[in-house]
$ cat data.cif   # mmCIF, C-alpha atoms
data_coords
loop_
_atom_site.label_atom_id
_atom_site.label_comp_id
_atom_site.auth_asym_id
_atom_site.auth_seq_id
_atom_site.Cartn_x
_atom_site.Cartn_y
_atom_site.Cartn_z
CA MET A 17 75.91 -24.94 82.90
CA LEU A 18 74.60 -24.00 86.34
CA ARG A 19 75.02 -20.30 85.59
CA ARG A 20 73.12 -20.67 82.30
CA PHE A 21 70.33 -22.63 84.02
CA LEU A 22 69.96 -20.00 86.73
CA LYS A 23 69.86 -17.27 84.10
CA VAL A 24 67.10 -19.02 82.15
CA LEU A 25 65.20 -19.72 85.37
CA GLY A 26 65.48 -16.07 86.34
CA ILE A 27 64.09 -14.97 82.98
CA ILE A 28 61.16 -17.37 83.34
CA VAL A 29 60.39 -16.10 86.83
CA VAL A 30 60.49 -12.47 85.66
CA LEU A 31 58.22 -13.25 82.69
CA LEU A 32 55.73 -15.06 84.91
CA ALA A 33 55.74 -12.16 87.37
CA LEU A 34 55.17 -9.76 84.48
CA VAL A 35 52.22 -11.80 83.26
CA VAL A 36 50.69 -11.74 86.75
CA VAL A 37 51.17 -7.98 87.03
CA ILE A 38 49.65 -7.39 83.57
CA TYR A 39 46.68 -9.63 84.50
CA PHE A 40 45.90 -7.72 87.69
CA VAL A 41 46.31 -4.36 85.99
CA PHE A 42 43.98 -5.48 83.21
CA MET A 43 41.39 -6.84 85.67
CA THR A 44 41.53 -3.64 87.72
CA VAL A 45 41.17 -1.33 84.73
CA THR A 46 38.27 -3.33 83.28
CA ASP A 47 36.54 -3.99 86.62
CA TYR A 48 32.75 -3.69 86.34
CA LYS A 49 31.67 -0.75 88.51
CA PRO A 50 28.01 0.11 87.95
CA LYS A 51 26.37 3.08 89.64
CA GLU A 52 24.51 2.46 92.89
CA VAL A 53 21.19 2.69 91.02
CA VAL A 54 20.92 1.83 87.32
CA SER A 55 17.71 2.12 85.28
CA LEU A 56 16.83 -1.12 83.47
CA ASN A 57 14.77 -1.90 80.38
CA VAL A 58 11.60 -3.97 80.35
CA GLU A 59 11.11 -6.07 77.24
CA ASN A 60 7.60 -7.01 76.10
CA ASN A 61 6.01 -4.90 78.83
CA LEU A 62 2.32 -5.68 79.39
CA ASP A 63 -0.72 -3.51 80.18
CA ASN A 64 -2.34 -5.61 82.92
CA ILE A 65 -2.79 -3.77 86.23
CA LEU A 66 -2.38 -5.79 89.42
CA PRO A 67 -5.64 -6.57 91.25
CA LYS A 68 -6.25 -6.53 94.98
CA GLU A 69 -7.80 -9.43 96.89
CA THR A 70 -6.83 -11.84 94.08
CA LYS A 71 -4.43 -14.75 94.42
CA LEU A 72 -1.11 -14.10 92.71
CA SER A 73 1.99 -16.28 92.47
CA ALA A 74 5.75 -15.98 92.10
CA LEU A 75 8.54 -18.49 91.50
CA THR A 76 12.15 -17.99 92.58
CA PHE A 77 14.90 -20.21 91.16
CA ASN A 78 18.69 -19.96 91.16
CA ILE A 79 19.53 -21.87 87.96
CA GLY A 80 23.27 -22.02 88.70
CA TYR A 81 24.13 -20.96 85.12
CA CYS A 82 22.97 -24.46 84.11
CA GLY A 83 26.43 -25.71 85.03
CA LEU A 84 25.99 -27.04 88.57
CA ASP A 85 23.91 -30.15 87.91
CA ALA A 86 23.90 -33.14 90.24
CA GLY A 87 27.15 -34.52 88.82
CA GLN A 88 29.17 -31.37 89.48
CA ASP A 89 31.13 -29.82 92.32
CA PHE A 90 32.35 -26.21 92.57
CA PHE A 91 35.85 -24.93 93.28
CA MET A 92 34.79 -22.03 95.54
CA ASP A 93 33.06 -24.46 97.91
CA GLY A 94 35.97 -26.86 98.17
CA GLY A 95 35.42 -28.84 94.99
CA THR A 96 37.56 -28.83 91.86
CA GLY A 97 35.12 -28.02 89.03
CA SER A 98 33.57 -24.89 87.61
CA ARG A 99 31.09 -26.06 84.99
CA SER A 100 29.09 -28.91 83.54
CA LYS A 101 31.03 -31.61 81.70
CA SER A 102 30.02 -30.42 78.19
CA LYS A 103 28.04 -27.89 76.21
CA GLU A 104 25.50 -30.60 75.45
CA LYS A 105 25.00 -31.28 79.16
CA THR A 106 24.65 -27.54 79.85
CA LEU A 107 21.97 -27.30 77.15
CA GLU A 108 20.27 -30.34 78.65
CA ASN A 109 20.22 -28.60 82.03
CA LEU A 110 18.80 -25.43 80.47
CA LYS A 111 16.13 -27.47 78.71
CA GLY A 112 15.14 -29.24 81.93
CA ILE A 113 14.95 -25.94 83.85
CA THR A 114 12.96 -24.25 81.09
CA GLU A 115 10.49 -27.13 80.80
CA PHE A 116 9.94 -27.06 84.57
CA ILE A 117 9.25 -23.31 84.49
CA GLU A 118 6.92 -23.68 81.48
CA GLY A 119 4.94 -26.22 83.48
CA GLN A 120 4.25 -23.73 86.28
CA THR A 121 1.27 -21.38 86.27
CA VAL A 122 2.77 -18.32 87.93
CA ASP A 123 2.51 -14.56 87.52
CA PHE A 124 6.15 -13.77 88.24
CA ILE A 125 9.40 -15.65 87.70
CA LEU A 126 12.55 -14.50 89.48
CA LEU A 127 15.79 -16.15 88.41
CA GLN A 128 19.39 -15.87 89.58
CA GLU A 129 22.69 -16.83 87.90
CA VAL A 130 21.51 -16.57 84.30
CA ASP A 131 24.45 -16.35 81.87
CA ILE A 132 24.32 -14.43 78.61
CA LYS A 133 27.94 -15.04 77.63
CA ALA A 134 30.35 -17.04 79.74
CA THR A 135 33.10 -19.62 79.40
CA ARG A 136 31.59 -21.62 82.26
CA SER A 137 28.34 -22.12 80.30
CA TYR A 138 30.00 -22.61 76.90
CA ASN A 139 28.90 -19.13 75.72
CA ILE A 140 25.23 -20.13 75.63
CA ASN A 141 22.90 -17.12 75.87
CA GLU A 142 20.60 -18.59 78.50
CA TYR A 143 18.53 -15.43 78.80
CA GLU A 144 17.62 -15.40 75.12
CA GLN A 145 16.65 -19.06 75.17
CA LEU A 146 14.47 -18.55 78.23
CA LYS A 147 12.71 -15.58 76.62
CA GLU A 148 12.01 -17.59 73.47
CA LYS A 149 10.06 -20.11 75.54
CA LEU A 150 8.41 -17.70 77.99
CA ILE A 151 6.87 -15.37 75.43
CA ASP A 152 3.83 -14.51 77.57
CA TYR A 153 6.00 -12.68 80.10
CA SER A 154 7.72 -9.33 80.16
CA SER A 155 11.40 -9.63 81.02
CA THR A 156 14.14 -7.61 82.69
CA TYR A 157 17.82 -8.51 82.85
CA CYS A 158 20.38 -7.14 85.28
CA ILE A 159 24.13 -7.88 85.30
CA ASN A 160 25.68 -8.82 88.64
CA TYR A 161 28.76 -10.71 87.47
CA LYS A 162 30.98 -9.35 84.70
CA VAL A 163 34.67 -10.27 84.59
CA PRO A 164 37.12 -10.65 81.66
CA TRP A 165 38.77 -13.79 83.00
CA VAL A 166 38.80 -15.92 86.15
CA PRO A 167 41.91 -18.14 85.81
CA VAL A 168 40.86 -20.83 88.28
CA PRO A 169 40.44 -23.74 88.54
CA LEU A 170 43.49 -24.37 86.35
CA ALA A 171 42.13 -27.50 84.64
CA LYS A 172 38.97 -25.76 83.40
CA PRO A 173 39.04 -22.07 84.30
CA HIS A 174 35.84 -20.24 85.16
CA GLY A 175 36.97 -17.91 82.40
CA SER A 176 35.08 -14.91 81.05
CA VAL A 177 31.70 -14.31 82.70
CA LYS A 178 28.68 -12.14 81.97
CA SER A 179 25.78 -13.19 84.15
CA GLY A 180 22.89 -11.79 86.14
CA LEU A 181 19.33 -11.76 87.44
CA VAL A 182 16.13 -12.10 85.42
CA THR A 183 12.63 -10.95 86.41
CA LEU A 184 9.69 -12.04 84.27
CA GLY A 185 6.08 -11.01 84.83
CA LYS A 186 2.54 -10.91 83.46
CA TYR A 187 1.63 -7.42 84.74
CA LYS A 188 2.58 -3.89 83.81
CA ILE A 189 5.89 -2.60 85.19
CA VAL A 190 6.22 1.18 85.41
CA GLU A 191 9.83 1.27 86.57
CA THR A 192 12.67 -1.16 87.10
CA ASN A 193 16.13 -0.52 88.52
CA ARG A 194 19.31 -2.26 89.57
CA TYR A 195 20.22 -1.47 93.19
CA GLY A 196 23.79 -2.34 94.14
CA TYR A 197 24.34 -3.83 97.59
CA PRO A 198 27.00 -2.23 99.80
CA GLY A 199 30.10 -4.09 100.89
CA LYS A 200 32.97 -5.38 98.80
CA GLU A 201 35.74 -7.90 99.29
CA LYS A 202 39.28 -6.54 99.43
CA TRP A 203 41.33 -6.08 96.27
CA PRO A 204 42.22 -8.22 94.34
CA ARG A 205 39.69 -10.85 95.50
CA GLN A 206 36.71 -8.66 94.57
CA LEU A 207 37.91 -8.48 90.94
CA ALA A 208 36.77 -12.06 90.33
CA LEU A 209 33.56 -12.01 92.40
CA LEU A 210 29.96 -10.99 91.85
CA ASP A 211 28.77 -7.41 92.27
CA ARG A 212 25.77 -8.20 94.44
CA CYS A 213 22.50 -6.40 93.76
CA PHE A 214 18.74 -6.71 93.43
CA ILE A 215 16.28 -5.88 90.66
CA GLU A 216 13.54 -3.50 91.77
CA SER A 217 10.32 -3.83 89.73
CA ARG A 218 7.54 -1.34 90.48
CA LEU A 219 4.06 -2.45 89.41
CA PRO A 220 0.88 -0.35 89.68
CA VAL A 221 -1.98 -1.84 91.71
CA GLU A 222 -5.65 -1.05 91.06
CA ASP A 223 -5.89 0.83 94.38
CA GLY A 224 -3.26 3.37 93.28
CA LYS A 225 -0.42 1.87 95.30
CA GLU A 226 2.53 -0.10 93.95
CA LEU A 227 3.82 -3.62 94.36
CA VAL A 228 7.57 -3.36 94.84
CA LEU A 229 8.93 -6.72 93.70
CA LEU A 230 12.59 -7.43 94.42
CA ASN A 231 14.76 -10.14 92.87
CA SER A 232 17.77 -10.48 95.17
CA HIS A 233 20.99 -12.49 95.40
CA LEU A 234 23.04 -11.93 98.57
CA SER A 235 26.72 -12.74 99.13
CA ALA A 236 27.87 -16.18 100.15
CA TYR A 237 31.62 -16.31 100.71
CA ASP A 238 32.58 -13.34 102.88
CA LYS A 239 34.29 -14.63 106.00
CA GLY A 240 32.27 -14.02 109.13
CA GLY A 241 29.32 -12.70 107.16
CA VAL A 242 30.45 -9.06 107.56
CA ILE A 243 29.47 -8.04 104.04
CA ARG A 244 26.18 -9.92 104.26
CA LYS A 245 25.36 -7.97 107.42
CA GLN A 246 25.81 -4.71 105.48
CA GLN A 247 23.63 -6.00 102.66
CA LEU A 248 20.85 -7.09 105.00
CA GLY A 249 20.96 -3.71 106.72
CA PHE A 250 20.62 -1.94 103.37
CA LEU A 251 17.73 -4.20 102.33
CA LYS A 252 15.92 -3.74 105.66
CA GLU A 253 16.06 0.04 105.33
CA TYR A 254 14.86 -0.08 101.73
CA ILE A 255 11.85 -2.35 102.29
CA SER A 256 10.87 -0.52 105.49
CA LYS A 257 10.69 2.79 103.60
CA GLU A 258 8.63 1.29 100.79
CA TYR A 259 6.12 -0.19 103.22
CA GLU A 260 5.89 3.10 105.09
CA LYS A 261 4.89 4.71 101.79
CA GLY A 262 1.91 2.34 101.73
CA ASN A 263 3.29 0.05 99.04
CA TYR A 264 3.20 -3.74 98.93
CA VAL A 265 6.63 -5.38 99.15
CA VAL A 266 7.69 -8.86 98.04
CA VAL A 267 11.36 -9.88 98.19
CA ALA A 268 12.36 -13.08 96.40
CA GLY A 269 15.63 -14.82 95.70
CA ASP A 270 18.71 -16.58 96.97
CA TRP A 271 19.40 -15.31 100.49
CA ASN A 272 22.54 -17.43 101.01
CA HIS A 273 21.42 -17.68 104.63
CA ALA A 274 19.33 -20.27 106.44
CA ILE A 275 15.85 -18.77 106.33
CA PRO A 276 14.22 -18.31 109.76
CA GLY A 277 11.66 -20.98 110.60
CA THR A 278 13.55 -23.69 108.71
CA ASP A 279 15.74 -26.41 110.20
CA SER A 280 18.50 -28.06 108.17
CA ASN A 281 18.74 -30.88 110.70
CA ILE A 282 15.59 -32.49 109.32
CA PHE A 283 17.40 -33.33 106.09
CA GLU A 284 19.56 -36.46 106.04
CA SER A 285 23.25 -35.66 105.53
CA SER A 286 26.68 -37.03 106.39
CA GLN A 287 28.22 -33.54 106.27
CA GLU A 288 28.41 -30.84 108.92
CA TRP A 289 26.96 -27.31 108.74
CA PRO A 290 29.15 -25.56 106.09
CA GLU A 291 31.24 -22.57 107.11
CA TRP A 292 29.74 -20.26 104.47
CA LEU A 293 26.13 -20.79 105.64
CA LYS A 294 24.95 -18.14 108.09
CA GLU A 295 21.68 -17.51 109.90
CA ILE A 296 19.72 -14.32 109.28
CA PRO A 297 19.97 -12.09 112.37
CA GLU A 298 16.79 -11.89 114.45
CA ASP A 299 16.74 -8.10 114.21
CA PHE A 300 16.78 -8.05 110.38
CA LYS A 301 13.06 -8.56 109.68
CA PRO A 302 11.03 -5.33 109.94
CA GLU A 303 8.02 -5.55 112.25
CA GLY A 304 5.08 -7.36 110.66
CA PHE A 305 7.01 -8.71 107.68
CA LYS A 306 6.60 -12.44 107.05
CA TRP A 307 8.88 -15.16 105.68
CA GLY A 308 7.67 -17.39 102.86
CA ALA A 309 9.64 -20.64 102.74
CA ASP A 310 8.90 -24.35 102.58
CA LYS A 311 10.70 -25.84 105.56
CA ASN A 312 10.20 -29.40 104.31
CA VAL A 313 11.98 -29.09 100.93
CA PRO A 314 15.68 -28.16 100.78
CA THR A 315 16.52 -25.47 98.25
CA ASN A 316 20.31 -25.79 98.28
CA ARG A 317 22.99 -28.48 98.49
CA THR A 318 26.67 -28.24 99.28
CA VAL A 319 28.78 -28.37 96.11
CA ASP A 320 32.14 -29.43 97.46
CA ILE A 321 31.13 -32.85 96.15
CA PRO A 322 28.65 -34.02 93.47
CA TYR A 323 25.13 -34.64 94.72
CA LYS A 324 24.30 -37.93 96.41
CA ALA A 325 21.17 -38.26 98.50
CA GLY A 326 22.00 -38.55 102.19
CA GLU A 327 25.52 -37.12 101.86
CA ASN A 328 25.43 -33.43 100.88
CA TYR A 329 24.42 -30.91 103.51
CA LEU A 330 21.01 -29.50 102.61
CA SER A 331 19.41 -26.22 103.64
CA VAL A 332 16.60 -23.79 102.84
CA ILE A 333 18.17 -20.54 101.60
CA ASP A 334 15.76 -19.60 98.79
CA GLY A 335 12.40 -18.01 99.50
CA PHE A 336 10.41 -14.85 100.09
CA LEU A 337 9.86 -12.02 102.53
CA VAL A 338 6.63 -10.00 102.30
CA SER A 339 5.27 -6.86 103.93
CA PRO A 340 2.38 -6.93 106.45
CA ASN A 341 -0.17 -5.89 103.78
CA VAL A 342 0.57 -9.04 101.76
CA ASP A 343 -1.15 -12.27 102.79
CA ILE A 344 0.72 -15.52 102.18
CA VAL A 345 -1.70 -18.13 100.84
CA GLY A 346 0.86 -20.90 100.45
CA VAL A 347 4.52 -21.73 99.81
CA LYS A 348 5.75 -24.76 97.92
CA GLY A 349 9.31 -25.97 97.44
CA HIS A 350 9.81 -28.16 94.37
CA GLN A 351 11.96 -31.23 94.95
CA LEU A 352 13.91 -31.60 91.69
CA ASP A 353 16.75 -33.52 93.40
CA PHE A 354 19.23 -30.89 92.16
CA GLU A 355 19.20 -32.55 88.76
CA TYR A 356 19.93 -29.39 86.75
CA THR A 357 21.35 -26.96 89.32
CA ASP A 358 22.46 -26.84 92.95
CA HIS A 359 19.17 -25.19 93.97
CA ASN A 360 15.52 -26.19 94.10
CA PRO A 361 12.82 -23.65 93.13
CA VAL A 362 10.14 -22.23 95.43
CA THR A 363 6.65 -20.92 94.61
CA LEU A 364 4.78 -18.35 96.70
CA GLU A 365 1.03 -17.71 96.46
CA PHE A 366 -0.04 -14.38 97.89
CA ILE A 367 -2.79 -11.74 98.00
CA LEU A 368 -2.44 -7.96 98.13
CA LYS A 369 -4.75 -6.88 100.96
#
$ encode --input "data.cif" --output "structure tokens"
Amino acid sequence: MLRRFLKVLGIIVVLLALVVVIYFVFMTVTDYKPKEVVSLNVENNLDNILPKETKLSALTFNIGYCGLDAGQDFFMDGGTGSRSKSKEKTLENLKGITEFIEGQTVDFILLQEVDIKATRSYNINEYEQLKEKLIDYSSTYCINYKVPWVPVPLAKPHGSVKSGLVTLGKYKIVETNRYGYPGKEKWPRQLALLDRCFIESRLPVEDGKELVLLNSHLSAYDKGGVIRKQQLGFLKEYISKEYEKGNYVVVAGDWNHAIPGTDSNIFESSQEWPEWLKEIPEDFKPEGFKWGADKNVPTNRTVDIPYKAGENYLSVIDGFLVSPNVDIVGVKGHQLDFEYTDHNPVTLEFILK
């Protein structure tokens, strides 16, 4: 009996090991590896040319694939969950986010973590639904997360994911590209993580120059911030060159760093500064560039636990960076109490000088 049991146990162990090997081979072979620069399509492109000396506005919002509402935690931050409790709740979150955006009068909308087909968002095409409501905008989509299957958490796996960034605008775009950020996690961890990047949108201005509008989403989980340092170095070099050409530069998005000039200590919390949250190095910002962030409204909450006012650690990690030839008129964070996602949106008003 013991010999038979050990034999069966051995077969089970071998089969499980074989499944694991097949999984990693499959994930490696199908790993999404875009080129460093990929040309993107603009849908519903408009003819309006950007004016100078006129107030413009942009909204940045990480919508958390409509699955990280106030009642949710997230397994990669120490929680146990990976998605909203139901498809109906996910659709409710998408509806709330869309209605908020529709209520804003802005020229540009820059979104992160927008799913087009994913287990974690019940295979809802969030991009298509957003476009249906925001018909007055051109739109560009860029994939930054494409994996066949993430097997954790075991209870409700993250599953298959196809997700990315969305840039919407009311002015003519002459060129738009996906720029991949440098730096990768080691194999096999990278197989299940995002391929970080930014969308570059180039818009003609009436003075013959260009507005270079970037929609960016930096890394969050690399230990010690080594990869993030590489990404910031790449971004600094890119925006410095564009400004030196005489162009206007506006960078928007989820920095996954505490934005300079903000102080998380002003927000009530029973938690300590989370390990993943880093500060942006003082030498990152090119000379004359300016940060656009609302220091009084948190844009991110910790997701190791569901949201409860006064408990989660809060920080300002979403916002803007603009070149010296762009005047910041105002910045407003929108306190939505993390009802639909683990981020709050931010609006920037600016003028091209």
$ residues_around --input "data.cif" --residues "range 78-82 of chain A" --least-positions-apart "2" --cutoff "6 Å" --atoms "all atoms listed in the file" --output "list in words"
Leu84, Thr106, Asn109, Leu110, Leu127, Gln128, Glu129, Val130, Asp131, Thr357 and His359 of chain A
$ closest_residue --input "data.cif" --among "A:Glu104, A:Glu226, A:Asp279, A:Glu216" --to "Lys68 in chain A" --atoms "all atoms listed in the file"
A:Glu226
$ residues_around --input "data.cif" --residues "Asn281 in chain A" --least-positions-apart "5" --cutoff "10 Å" --atoms "all atoms listed in the file" --output "JSON list (two decimals) with C-alpha atoms, in the coordinates of the input"
[["chain", "number", "residue", "atom", "x", "y", "z"],
["A", 288, "GLU", "CA", 28.41, -30.84, 108.92],
["A", 289, "TRP", "CA", 26.96, -27.31, 108.74],
["A", 329, "TYR", "CA", 24.42, -30.91, 103.51],
["A", 330, "LEU", "CA", 21.01, -29.50, 102.61],
["A", 331, "SER", "CA", 19.41, -26.22, 103.64]]
$ atom_distance --input "data.cif" --atom1 "CA of Leu219 in chain A" --atom2 "CA of Ser55 in chain A"
15.0 Å
$ atom_distance --input "data.cif" --atom1 "CA of Gly94 in chain A" --atom2 "CA of Thr318 in chain A"
9.5 Å
$ atom_distance --input "data.cif" --atom1 "CA of Ser98 in chain A" --atom2 "CA of Ile215 in chain A"
25.9 Å
$ residues_around --input "data.cif" --residues "Phe354 in chain A" --least-positions-apart "2" --cutoff "9 Å" --atoms "only C-alpha atoms" --output "NGL selection string"
:A and (84-86 or 315-317 or 323 or 351-352 or 356-360)
$ residues_around --input "data.cif" --residues "Ile65 in chain A" --least-positions-apart "6" --cutoff "7 Å" --atoms "all atoms listed in the file" --output "tab-separated table (two decimals) with C-alpha atoms, in the frame of the given file"
chain	number	residue	atom	x	y	z
A	187	TYR	CA	1.63	-7.42	84.74
A	188	LYS	CA	2.58	-3.89	83.81
A	220	PRO	CA	0.88	-0.35	89.68
A	221	VAL	CA	-1.98	-1.84	91.71
A	222	GLU	CA	-5.65	-1.05	91.06
$ residues_around --input "data.cif" --residues "Cys158 in chain A" --least-positions-apart "6" --cutoff "9 Å" --atoms "all atoms listed in the file" --output "list in words"
Leu56, Ser179, Gly180, Leu181, Val182, Thr183, Asn193, Arg194, Cys213, Phe214 and Ile215 of chain A
$ resolve_selection --input "data.cif" --expression "the PyMOL selection byres ((chain A and resi 296-305) around 12)" --output "PyMOL selection string"
chain A and resi 234+241-242+244-260+264-267+271-278+293-295+306-308+332-333+336-344
$ axis_aligned_box --input "data.cif" --around "range 199-217 of chain A" --padding-each-side "5 Å" --output "JSON"
{"center_x": 26.3, "center_y": -7.8, "center_z": 95.3, "size_x": 41.9, "size_y": 18.6, "size_z": 21.2}
$ resolve_selection --input "data.cif" --expression "the PyMOL selection byres ((chain A and resi 51) around 9)" --output "ChimeraX atom specification"
/A:49-50,52-54,194-196
$ resolve_selection --input "data.cif" --expression "the PyMOL selection byres ((chain A and resi 116) around 12)" --output "list in words"
Leu75, Phe77, Ile79, Asn109, Leu110, Lys111, Gly112, Ile113, Thr114, Glu115, Ile117, Glu118, Gly119, Gln120, Thr121, Val122, Ile125, Leu146, Lys149, Leu150, His350, Gln351, Leu352, Glu355, Tyr356, Asn360, Pro361 and Val362 of chain A
$ closest_residue --input "data.cif" --among "A:Glu327, A:Asp270, A:Asp47, A:Asp238" --to "Phe283 in chain A" --atoms "all atoms listed in the file"
A:Glu327
$ closest_residue --input "data.cif" --among "A:Asn57, A:Asp89, A:Asp223, A:Lys71" --to "Lys101 in chain A" --atoms "all atoms listed in the file"
A:Asp89
$ closest_residue --input "data.cif" --among "A:Leu25, A:Leu31, A:Ile282, A:Val166" --to "Gly326 in chain A" --atoms "only C-alpha atoms"
A:Ile282
